[in-house]
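Student: You'll find entry-v1.tsv just under this line, and it carries TSV, C-alpha atoms and all ligand atoms.
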```tsv
chain	number	residue	atom	x	y	z
A	13	MET	CA	48.96	-41.93	55.05
A	14	GLU	CA	51.20	-44.57	56.68
A	15	GLY	CA	54.98	-44.57	56.31
A	16	GLY	CA	56.85	-46.21	53.46
A	17	PHE	CA	57.16	-45.20	49.85
A	18	GLN	CA	54.20	-44.38	47.65
A	19	PRO	CA	53.99	-46.85	44.77
A	20	ASP	CA	52.74	-45.43	41.49
A	21	LEU	CA	49.27	-46.87	40.96
A	22	SER	CA	48.62	-45.24	37.60
A	23	VAL	CA	47.91	-47.42	34.57
A	24	ARG	CA	47.49	-46.76	30.87
A	25	ILE	CA	44.56	-48.40	29.09
A	26	GLY	CA	45.01	-47.63	25.42
A	27	PRO	CA	44.64	-43.86	25.24
A	28	LEU	CA	43.25	-43.60	28.80
A	29	GLU	CA	45.53	-42.83	31.74
A	30	LEU	CA	43.98	-43.85	35.09
A	31	LYS	CA	45.34	-42.76	38.47
A	32	ALA	CA	44.52	-46.18	39.98
A	33	PRO	CA	43.65	-49.58	38.51
A	34	VAL	CA	40.28	-49.84	40.28
A	35	MET	CA	36.86	-48.52	39.32
A	36	PRO	CA	33.22	-49.49	39.84
A	37	ALA	CA	31.34	-51.81	37.47
A	38	SER	CA	28.36	-50.50	35.55
A	39	GLY	CA	25.03	-50.79	37.35
A	40	CYS	CA	26.53	-51.51	40.76
A	41	PHE	CA	27.42	-48.09	42.11
A	42	ASN	CA	24.59	-45.66	41.32
A	43	ALA	CA	27.39	-43.43	39.98
A	44	GLY	CA	28.63	-43.28	43.58
A	45	ARG	CA	26.00	-40.92	44.91
A	46	GLU	CA	25.15	-43.02	47.96
A	47	VAL	CA	28.75	-43.47	49.04
A	48	ALA	CA	30.10	-40.04	48.10
A	49	HIS	CA	30.09	-39.09	51.79
A	50	ALA	CA	31.77	-42.35	52.84
A	51	PHE	CA	35.03	-42.10	50.92
A	52	ASP	CA	36.82	-39.88	48.42
A	53	LEU	CA	35.49	-41.05	45.06
A	54	GLY	CA	38.30	-39.10	43.38
A	55	GLN	CA	40.81	-41.82	44.30
A	56	MET	CA	39.10	-44.28	41.95
A	57	GLY	CA	40.60	-44.79	38.52
A	58	ALA	CA	37.28	-43.89	36.92
A	59	ILE	CA	33.58	-43.56	37.57
A	60	ILE	CA	30.91	-45.22	35.45
A	61	ASN	CA	27.13	-45.03	35.20
A	62	LYS	CA	24.50	-47.73	34.90
A	63	THR	CA	24.18	-48.42	31.18
A	64	VAL	CA	22.13	-45.73	29.48
A	65	MET	CA	19.80	-46.96	26.73
A	66	PRO	CA	17.73	-44.96	24.24
A	67	GLY	CA	14.40	-43.83	25.72
A	68	TYR	CA	12.60	-44.71	28.94
A	69	ARG	CA	12.72	-48.37	30.04
A	70	PRO	CA	10.78	-49.84	32.96
A	71	GLY	CA	13.14	-52.83	33.36
A	72	ASN	CA	12.10	-56.41	34.08
A	73	PRO	CA	9.19	-57.61	36.23
A	74	PRO	CA	9.95	-58.59	39.87
A	75	GLN	CA	11.55	-60.56	41.44
A	76	ARG	CA	14.75	-59.08	40.05
A	77	ILE	CA	17.46	-60.07	42.51
A	78	LEU	CA	18.31	-63.36	44.14
A	79	GLU	CA	21.06	-64.17	46.62
A	80	ARG	CA	23.06	-67.38	46.28
A	81	ALA	CA	26.25	-68.80	47.86
A	82	SER	CA	29.03	-66.26	47.19
A	83	ALA	CA	26.95	-64.78	44.39
A	84	MET	CA	23.85	-62.96	43.34
A	85	ILE	CA	21.62	-63.41	40.33
A	86	ASN	CA	20.01	-60.32	38.83
A	87	SER	CA	17.56	-59.71	36.05
A	88	VAL	CA	17.20	-55.96	36.51
A	89	GLY	CA	16.78	-55.46	32.75
A	90	LEU	CA	18.37	-52.01	32.34
A	91	PRO	CA	15.59	-49.78	33.65
A	92	GLY	CA	16.35	-46.14	32.98
A	93	LYS	CA	15.00	-42.74	32.09
A	94	GLY	CA	16.97	-42.38	28.87
A	95	PRO	CA	19.81	-40.21	27.59
A	96	GLU	CA	18.34	-36.80	28.41
A	97	ASP	CA	17.89	-37.66	32.06
A	98	PHE	CA	21.42	-39.09	32.08
A	99	LEU	CA	22.90	-35.89	30.67
A	100	ASN	CA	20.93	-33.63	33.04
A	101	ASN	CA	20.95	-35.62	36.27
A	102	GLN	CA	23.87	-38.05	36.29
A	103	LEU	CA	26.69	-36.79	34.11
A	104	PRO	CA	27.20	-33.52	36.06
A	105	PHE	CA	27.77	-35.49	39.26
A	106	MET	CA	30.12	-37.92	37.53
A	107	ARG	CA	32.14	-34.99	36.17
A	108	SER	CA	32.37	-33.42	39.64
A	109	VAL	CA	34.14	-36.47	41.14
A	110	GLY	CA	37.57	-35.59	39.76
A	111	THR	CA	38.46	-38.82	38.00
A	112	ARG	CA	37.99	-40.31	34.54
A	113	VAL	CA	34.38	-40.38	33.41
A	114	ILE	CA	33.39	-43.51	31.50
A	115	VAL	CA	29.88	-43.63	30.10
A	116	SER	CA	28.28	-47.03	29.62
A	117	ILE	CA	25.90	-47.13	26.67
A	118	GLY	CA	23.64	-49.90	25.38
A	119	GLY	CA	21.12	-50.48	22.64
A	120	LEU	CA	19.14	-52.96	20.62
A	121	SER	CA	20.76	-52.12	17.28
A	122	GLU	CA	23.98	-50.73	15.83
A	123	ALA	CA	22.09	-47.50	15.16
A	124	ASP	CA	21.11	-47.18	18.84
A	125	PHE	CA	24.74	-47.49	19.89
A	126	ALA	CA	25.95	-45.10	17.19
A	127	GLN	CA	23.38	-42.44	18.13
A	128	LEU	CA	24.26	-42.60	21.82
A	129	ALA	CA	27.97	-42.52	21.00
A	130	ALA	CA	27.50	-39.43	18.83
A	131	LEU	CA	25.48	-37.75	21.59
A	132	MET	CA	28.16	-38.49	24.21
A	133	ASP	CA	30.86	-37.29	21.81
A	134	GLU	CA	29.30	-33.81	21.94
A	135	GLN	CA	29.41	-33.61	25.74
A	136	PRO	CA	32.42	-32.12	27.50
A	137	GLY	CA	34.08	-34.07	30.29
A	138	ILE	CA	33.60	-37.64	29.05
A	139	ASP	CA	36.82	-39.66	28.84
A	140	GLY	CA	35.56	-42.90	27.32
A	141	LEU	CA	32.61	-45.08	26.37
A	142	GLU	CA	31.92	-48.62	27.53
A	143	LEU	CA	29.62	-50.68	25.32
A	144	ASP	CA	27.27	-53.08	27.10
A	145	LEU	CA	27.05	-55.73	24.39
A	146	SER	CA	25.19	-58.30	26.49
A	147	ARG	CA	21.65	-57.26	25.49
A	148	PRO	CA	19.92	-59.04	22.59
A	149	ASN	CA	19.83	-57.11	19.34
A	150	HIS	CA	16.35	-56.57	17.95
A	151	VAL	CA	16.84	-58.48	14.68
A	152	GLU	CA	18.78	-61.64	15.49
A	153	ARG	CA	17.48	-61.65	19.11
A	154	GLU	CA	20.94	-62.79	20.14
A	155	PRO	CA	23.11	-60.79	22.52
A	156	PHE	CA	25.69	-58.92	20.45
A	157	ALA	CA	28.50	-60.19	22.66
A	158	LEU	CA	27.82	-63.84	21.82
A	159	SER	CA	28.86	-63.31	18.20
A	160	ALA	CA	32.12	-61.95	16.80
A	161	LYS	CA	30.19	-60.55	13.83
A	162	LEU	CA	27.56	-58.72	15.88
A	163	THR	CA	30.18	-57.43	18.33
A	164	ALA	CA	32.33	-56.09	15.49
A	165	GLY	CA	29.29	-54.47	13.88
A	166	VAL	CA	28.47	-52.43	16.97
A	167	VAL	CA	32.07	-51.47	17.65
A	168	ARG	CA	32.53	-50.34	14.04
A	169	ALA	CA	29.35	-48.24	14.16
A	170	VAL	CA	30.43	-46.62	17.43
A	171	ARG	CA	33.96	-46.06	16.13
A	172	ARG	CA	32.55	-44.09	13.19
A	173	ALA	CA	30.39	-41.99	15.54
A	174	THR	CA	32.97	-40.88	18.11
A	175	ARG	CA	36.61	-40.08	18.74
A	176	LEU	CA	36.26	-41.07	22.41
A	177	PRO	CA	38.13	-44.16	23.62
A	178	VAL	CA	35.86	-47.21	23.25
A	179	ILE	CA	35.79	-50.13	25.70
A	180	ALA	CA	33.88	-53.20	24.46
A	181	LYS	CA	32.34	-55.10	27.39
A	182	LEU	CA	32.22	-58.80	26.52
A	183	ALA	CA	29.97	-61.60	27.73
A	184	PRO	CA	31.65	-64.56	29.47
A	185	ASN	CA	29.37	-67.36	28.22
A	186	VAL	CA	31.00	-68.01	24.86
A	187	SER	CA	33.06	-70.93	23.64
A	188	ASP	CA	35.90	-68.83	22.20
A	189	ILE	CA	36.32	-65.52	24.03
A	190	VAL	CA	39.60	-64.72	22.22
A	191	SER	CA	37.96	-64.63	18.79
A	192	ILE	CA	35.28	-62.21	20.01
A	193	ALA	CA	37.86	-60.08	21.78
A	194	ALA	CA	39.95	-59.99	18.59
A	195	ALA	CA	36.90	-59.02	16.51
A	196	ALA	CA	36.15	-56.12	18.87
A	197	MET	CA	39.74	-54.85	18.70
A	198	GLU	CA	39.93	-55.20	14.92
A	199	ALA	CA	36.68	-53.23	14.60
A	200	GLY	CA	38.26	-50.31	16.45
A	201	ALA	CA	37.85	-50.86	20.20
A	202	ASP	CA	40.61	-49.33	22.34
A	203	ALA	CA	40.12	-51.76	25.23
A	204	LEU	CA	38.00	-54.64	26.47
A	205	CYS	CA	36.01	-55.10	29.67
A	206	VAL	CA	35.90	-58.80	30.64
A	207	ALA	CA	33.20	-59.61	31.53
A	208	ASN	CA	29.49	-59.26	32.18
A	209	THR	CA	27.42	-61.75	34.24
A	210	TYR	CA	26.92	-65.50	33.65
A	211	PRO	CA	23.44	-66.81	32.74
A	212	ALA	CA	21.91	-68.44	35.82
A	213	MET	CA	18.65	-69.11	37.64
A	214	GLY	CA	17.06	-70.25	40.89
A	215	ILE	CA	13.90	-72.29	41.55
A	216	ASP	CA	11.45	-71.88	44.43
A	217	ILE	CA	11.02	-75.49	45.52
A	218	GLU	CA	7.74	-74.85	47.37
A	219	ALA	CA	6.09	-72.92	44.53
A	220	ARG	CA	7.89	-75.17	42.01
A	221	ARG	CA	8.68	-72.35	39.67
A	222	PRO	CA	11.59	-70.06	38.79
A	223	ILE	CA	12.18	-67.36	41.38
A	224	LEU	CA	13.09	-64.48	39.09
A	225	GLY	CA	10.33	-62.72	37.17
A	226	MET	CA	12.20	-63.40	33.93
A	227	ALA	CA	13.09	-66.95	35.10
A	228	THR	CA	16.78	-66.43	34.32
A	229	GLY	CA	19.28	-63.73	35.16
A	230	GLY	CA	22.99	-63.02	35.44
A	231	LEU	CA	25.30	-64.47	38.09
A	232	SER	CA	27.90	-62.15	39.66
A	233	GLY	CA	29.98	-61.87	42.80
A	234	PRO	CA	32.89	-63.88	44.29
A	235	ALA	CA	31.68	-67.18	42.76
A	236	VAL	CA	32.42	-66.00	39.22
A	237	LYS	CA	35.96	-64.73	39.83
A	238	PRO	CA	37.91	-67.92	39.02
A	239	MET	CA	36.00	-68.27	35.75
A	240	THR	CA	36.42	-64.66	34.66
A	241	LEU	CA	40.07	-64.80	35.72
A	242	ARG	CA	40.61	-67.55	33.18
A	243	LEU	CA	38.96	-65.49	30.43
A	244	VAL	CA	41.13	-62.47	31.23
A	245	TRP	CA	44.24	-64.65	31.28
A	246	GLN	CA	43.33	-66.21	27.94
A	247	ILE	CA	42.74	-62.87	26.23
A	248	ALA	CA	45.78	-61.17	27.75
A	249	GLY	CA	47.91	-64.12	26.69
A	250	ALA	CA	46.67	-64.15	23.13
A	251	LEU	CA	46.13	-60.51	22.16
A	252	ASP	CA	47.90	-57.24	22.65
A	253	ALA	CA	44.67	-55.65	23.91
A	254	PRO	CA	44.21	-53.66	27.12
A	255	VAL	CA	41.79	-55.59	29.36
A	256	ILE	CA	39.73	-54.28	32.27
A	257	ALA	CA	38.74	-57.27	34.40
A	258	CYS	CA	35.27	-57.43	35.93
A	259	GLY	CA	33.89	-60.32	37.96
A	260	GLY	CA	33.81	-61.06	41.64
A	261	VAL	CA	36.40	-58.60	42.91
A	262	SER	CA	35.85	-58.00	46.61
A	263	THR	CA	39.42	-57.86	47.96
A	264	ALA	CA	42.82	-56.55	46.91
A	265	GLU	CA	43.91	-60.18	46.45
A	266	ASP	CA	41.19	-60.66	43.84
A	267	ALA	CA	42.32	-57.52	42.02
A	268	LEU	CA	45.97	-58.61	42.17
A	269	GLU	CA	45.12	-61.99	40.64
A	270	TYR	CA	43.53	-60.18	37.71
A	271	LEU	CA	46.48	-57.79	37.30
A	272	LEU	CA	48.93	-60.69	37.36
A	273	ALA	CA	46.78	-62.46	34.75
A	274	GLY	CA	47.25	-59.44	32.50
A	275	ALA	CA	44.40	-57.03	33.25
A	276	LYS	CA	45.35	-53.35	33.33
A	277	ALA	CA	42.60	-52.54	35.83
A	278	VAL	CA	39.62	-54.08	37.60
A	279	GLN	CA	36.01	-53.14	38.12
A	280	VAL	CA	34.12	-53.81	41.34
A	281	GLY	CA	30.42	-54.64	41.03
A	282	THR	CA	28.42	-56.85	43.40
A	283	ALA	CA	30.82	-56.34	46.33
A	284	ASN	CA	29.72	-52.68	46.54
A	285	PHE	CA	26.25	-53.78	47.66
A	286	SER	CA	27.47	-55.57	50.79
A	287	ASN	CA	30.52	-53.38	51.48
A	288	PRO	CA	30.44	-49.86	50.04
A	289	TRP	CA	34.10	-49.36	51.07
A	290	THR	CA	35.32	-52.18	48.84
A	291	ILE	CA	36.90	-49.90	46.23
A	292	PRO	CA	39.09	-47.82	48.59
A	293	GLN	CA	40.01	-51.02	50.47
A	294	VAL	CA	41.09	-52.70	47.23
A	295	ILE	CA	43.18	-49.65	46.27
A	296	ASP	CA	44.84	-49.59	49.72
A	297	GLY	CA	45.50	-53.33	49.56
A	298	ILE	CA	47.19	-53.09	46.16
A	299	ARG	CA	49.38	-50.26	47.50
A	300	GLU	CA	50.32	-52.38	50.53
A	301	TYR	CA	51.19	-55.37	48.33
A	302	LEU	CA	53.49	-53.24	46.17
A	303	ARG	CA	55.19	-51.81	49.26
A	304	ARG	CA	55.64	-55.25	50.77
A	305	HIS	CA	57.29	-56.47	47.57
A	306	ASP	CA	59.24	-53.25	47.06
A	307	ILE	CA	57.64	-52.62	43.67
A	308	ALA	CA	57.54	-48.98	42.57
A	309	ARG	CA	54.89	-49.16	39.83
A	310	VAL	CA	51.77	-51.29	39.59
A	311	GLU	CA	52.26	-51.47	35.82
A	312	SER	CA	55.30	-53.65	36.37
A	313	ILE	CA	53.26	-56.57	37.78
A	314	ILE	CA	50.64	-56.58	35.02
A	315	GLY	CA	50.72	-59.89	33.19
A	316	ALA	CA	53.45	-61.31	35.43
A	317	ALA	CA	51.59	-64.64	35.61
A	318	GLN	CA	51.58	-64.93	31.81
A	319	PRO	CA	54.15	-67.21	30.23
A	320	PHE	CA	56.78	-65.15	28.30
A	321	ARG	CA	55.26	-61.96	29.58
A	322	THR	CA	56.78	-61.45	32.96
A	323	ASP	CA	58.15	-57.95	32.37
A	324	GLY	CA	54.80	-56.26	31.78
A	325	SER	CA	56.17	-55.01	28.45
A	326	GLY	CA	53.01	-55.86	26.59
A	327	ALA	CA	54.90	-58.13	24.21
A	328	PRO	CA	52.52	-60.69	22.70
A	329	ALA	CA	52.60	-64.08	24.34
A	330	GLN	CA	51.60	-67.43	22.92
A	331	ALA	CA	47.89	-67.77	22.23
A	332	GLY	CA	45.98	-68.74	25.34
A	333	GLY	CA	49.14	-69.23	27.35
A	334	THR	CA	49.71	-72.66	25.86
A	335	ALA	CA	53.04	-73.02	27.65
A	336	TRP	CA	51.19	-73.68	30.91
A	337	ARG	CA	49.01	-76.32	29.32
A	338	ALA	CA	51.86	-78.32	27.82
A	401	LIG	C1	22.39	-55.36	39.96
A	401	LIG	C2	23.33	-55.36	38.78
A	401	LIG	C3	23.13	-54.46	37.74
A	401	LIG	C4	23.98	-54.45	36.65
A	401	LIG	N1	23.78	-53.55	35.63
A	401	LIG	C5	24.66	-53.50	34.59
A	401	LIG	C6	24.51	-52.52	33.57
A	401	LIG	O1	23.63	-51.66	33.60
A	401	LIG	N2	25.40	-52.55	32.55
A	401	LIG	C7	26.43	-53.44	32.46
A	401	LIG	O2	27.22	-53.40	31.52
A	401	LIG	N3	26.59	-54.37	33.44
A	401	LIG	C8	25.75	-54.41	34.49
A	401	LIG	N4	25.93	-55.33	35.49
A	401	LIG	C9	27.09	-56.26	35.40
A	401	LIG	C10	28.27	-55.72	36.19
A	401	LIG	O3	28.72	-54.48	35.69
A	401	LIG	C11	29.44	-56.72	36.18
A	401	LIG	O4	29.83	-56.92	34.82
A	401	LIG	C12	29.09	-58.08	36.78
A	401	LIG	O5	28.21	-57.93	37.87
A	401	LIG	C13	30.33	-58.86	37.23
A	401	LIG	O6	31.07	-58.14	38.21
A	401	LIG	P1	30.88	-58.38	39.81
A	401	LIG	O7	30.99	-59.85	40.03
A	401	LIG	O8	31.96	-57.58	40.45
A	401	LIG	O9	29.51	-57.87	40.14
A	401	LIG	C14	25.08	-55.37	36.59
A	401	LIG	C15	25.28	-56.25	37.65
A	401	LIG	C16	24.44	-56.27	38.75
A	401	LIG	C17	24.70	-57.24	39.85
```
Please express what this file holds, its structure, as structure tokens.
Ligand SMILES: Cc1cc2nc3c(=O)[nH]c(=O)nc-3n(C[C@H](O)[C@H](O)[C@H](O)COP(=O)(O)O)c2cc1C
Tutor:
Amino acid sequence: MEGGFQPDLSVRIGPLELKAPVMPASGCFNAGREVAHAFDLGQMGAIINKTVMPGYRPGNPPQRILERASAMINSVGLPGKGPEDFLNNQLPFMRSVGTRVIVSIGGLSEADFAQLAALMDEQPGIDGLELDLSRPNHVEREPFALSAKLTAGVVRAVRRATRLPVIAKLAPNVSDIVSIAAAAMEAGADALCVANTYPAMGIDIEARRPILGMATGGLSGPAVKPMTLRLVWQIAGALDAPVIACGGVSTAEDALEYLLAGAKAVQVGTANFSNPWTIPQVIDGIREYLRRHDIARVESIIGAAQPFRTDGSGAPAQAGGTAWRA
């Protein structure tokens, strides 16, 4: 390690203490197996799996991935072999990494989520659950995360089924993110992950039809960062809720913007596909920034760009940071 002092990178997210404020995003890291030889995964704040759903799922028809300027669009559709395969073939590796183990679960009903949460509660070595609320529920056919009521219903059902810390992962394409974030926290979530992908599509102009097999998919990557940054800033300014930011992080500067907006940590998704060293580079870059500014603890910059919240104390600020809008 280079000279200079070692800033403290640890952060507290509700009941979860992380050694660093950077972790992968669900579905974008294959639980780190491919890059385990490339860098020490143990330096990450946490490790997370691709969302596990009940039963076997083939996923969506091809084409599933599309590249666009500073972004990708995916409609992978949560393919997976189900909870048993996850417990036997993925969880042991995740536990061996030596960092917090967060398990992402999904479902089509409150009961699906509750059953998976109860199953994970019985397993040793899991530190928290992340709820992928962006899939449609099987009754209303509306993604849970688009409705405060549906979001709260799932969080409440999971809360009853487990004592593990619960992170509710929100969808960005809503008109009032703060009300959905508040509903998740009131229903018993310990933290929020903000956010999943943005609905998007591409059209093949020669074939004159949508490129993706499902026509539409989710936009992610650097293009979404300024939009997700605003959502994180709005929530962190309005609620006393720990937020994990997720959207377009590919550099330490991106991560720092999110921390200054009020996020306690960031997740790195799409950037892992083009640069598997993104996560250690982001961690190193945050450390360098703190050294350069002579800041001993990363926690002390969290929320510094929020009006009335410059000390990182977690004191509630005005809703939506209205002071900046005046
Ligand atoms: C190929 C791909 C697969 C994904 N799979 C999941 C998933 O299984 N569960 C989930 O909650 N989010 C999933 N996501 C969303 C990411 O976790 C993340 O929320 C989103 O991509 C925004 O972050 P990014 O811009 O850093 O990629 C997926 C994203 C991509 C690109």
Student: Which is closest to ligand LIG 401 (chain A) among A:Gly39, A:Gly119, A:Pro319, A:Gly44, if we use only C-alpha atoms and all ligand atoms?
Tutor: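 Nearest candidate to ligand LIG 401 (chain A) out of A:Gly39, A:Gly119, A:Pro319, A:Gly44: A:Gly39.
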Student: How far is it from atom N1 of ligand LIG 401 (chain A) to CA of Thr282 (chain A), in Å with one decimal?
Tutor: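 Separation of atom N1 of ligand LIG 401 (chain A) and CA of Thr282 (chain A): 9.6 Å.
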Student: Go through the chains and note each residue within 6 Å of ligand LIG 401 (chain A), using all atoms listed in the file, then give the set as a PyMOL selection string.
Tutor: chain A and resi 37-40+62-63+86+90+144+207-209+232-233+258-261+280-282
Student: Residues near region 23-33 of chain A, anyone? I mean within 8 Å using all atoms listed in the file, not counting same-chain ones fewer than 4 positions away, as a list in words.
Tutor: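 These residues fall inside the cut-off: Gln55, Met56, Gly57, Ala58, Thr111, Arg112, Asp139, Gly140, Pro177, Asp202, Ala203, Pro254, Val255, Lys276, Ala277, Val278, Ile295, Val310 and Glu311 of chain A.
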Student: Around the point (35.9, -39.0, 28.3) in the file's coordinates, collect all residues with an atom within 12 Å, using all atoms listed in the file, and return them as an MDAnalysis selection string.
Tutor: chainID A and resid 27:30 58:60 103 106:107 111:116 129 132:142 174:179
Student: Restricting the calculation to all atoms listed in the file: of A:Val170, A:Ile217, A:Ile77, A:Ala257, which residue gets closest to Leu182 (chain A)?
Tutor: A:Ala257
Student: CA of Asp124 (chain A) to CA of Met35 (chain A): how many Å, to one decimal?
Tutor: 25.9 Å
Student: Just want the 12 Å neighbourhood of Gly89 (chain A), counted on all atoms listed in the file, with same-chain residues fewer than 5 positions away dropped. Output as a PyMOL selection string.
Tutor: chain A and resi 39+62-65+69-77+118+146-148+224-226+228-230
Student: Restricting it to C-alpha atoms, dump the selection as a short mmCIF file (atom, residue, chain, number, x, y, z; two decimals), in the coordinates of the input.
Tutor:
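Written out: out08.cif:
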```cif
data_model
loop_
_atom_site.label_atom_id
_atom_site.label_comp_id
_atom_site.auth_asym_id
_atom_site.auth_seq_id
_atom_site.Cartn_x
_atom_site.Cartn_y
_atom_site.Cartn_z
CA GLY A 39 25.03 -50.79 37.35
CA LYS A 62 24.50 -47.73 34.90
CA THR A 63 24.18 -48.42 31.18
CA VAL A 64 22.13 -45.73 29.48
CA MET A 65 19.80 -46.96 26.73
CA ARG A 69 12.72 -48.37 30.04
CA PRO A 70 10.78 -49.84 32.96
CA GLY A 71 13.14 -52.83 33.36
CA ASN A 72 12.10 -56.41 34.08
CA PRO A 73 9.19 -57.61 36.23
CA PRO A 74 9.95 -58.59 39.87
CA GLN A 75 11.55 -60.56 41.44
CA ARG A 76 14.75 -59.08 40.05
CA ILE A 77 17.46 -60.07 42.51
CA GLY A 118 23.64 -49.90 25.38
CA SER A 146 25.19 -58.30 26.49
CA ARG A 147 21.65 -57.26 25.49
CA PRO A 148 19.92 -59.04 22.59
CA LEU A 224 13.09 -64.48 39.09
CA GLY A 225 10.33 -62.72 37.17
CA MET A 226 12.20 -63.40 33.93
CA THR A 228 16.78 -66.43 34.32
CA GLY A 229 19.28 -63.73 35.16
CA GLY A 230 22.99 -63.02 35.44
#
```
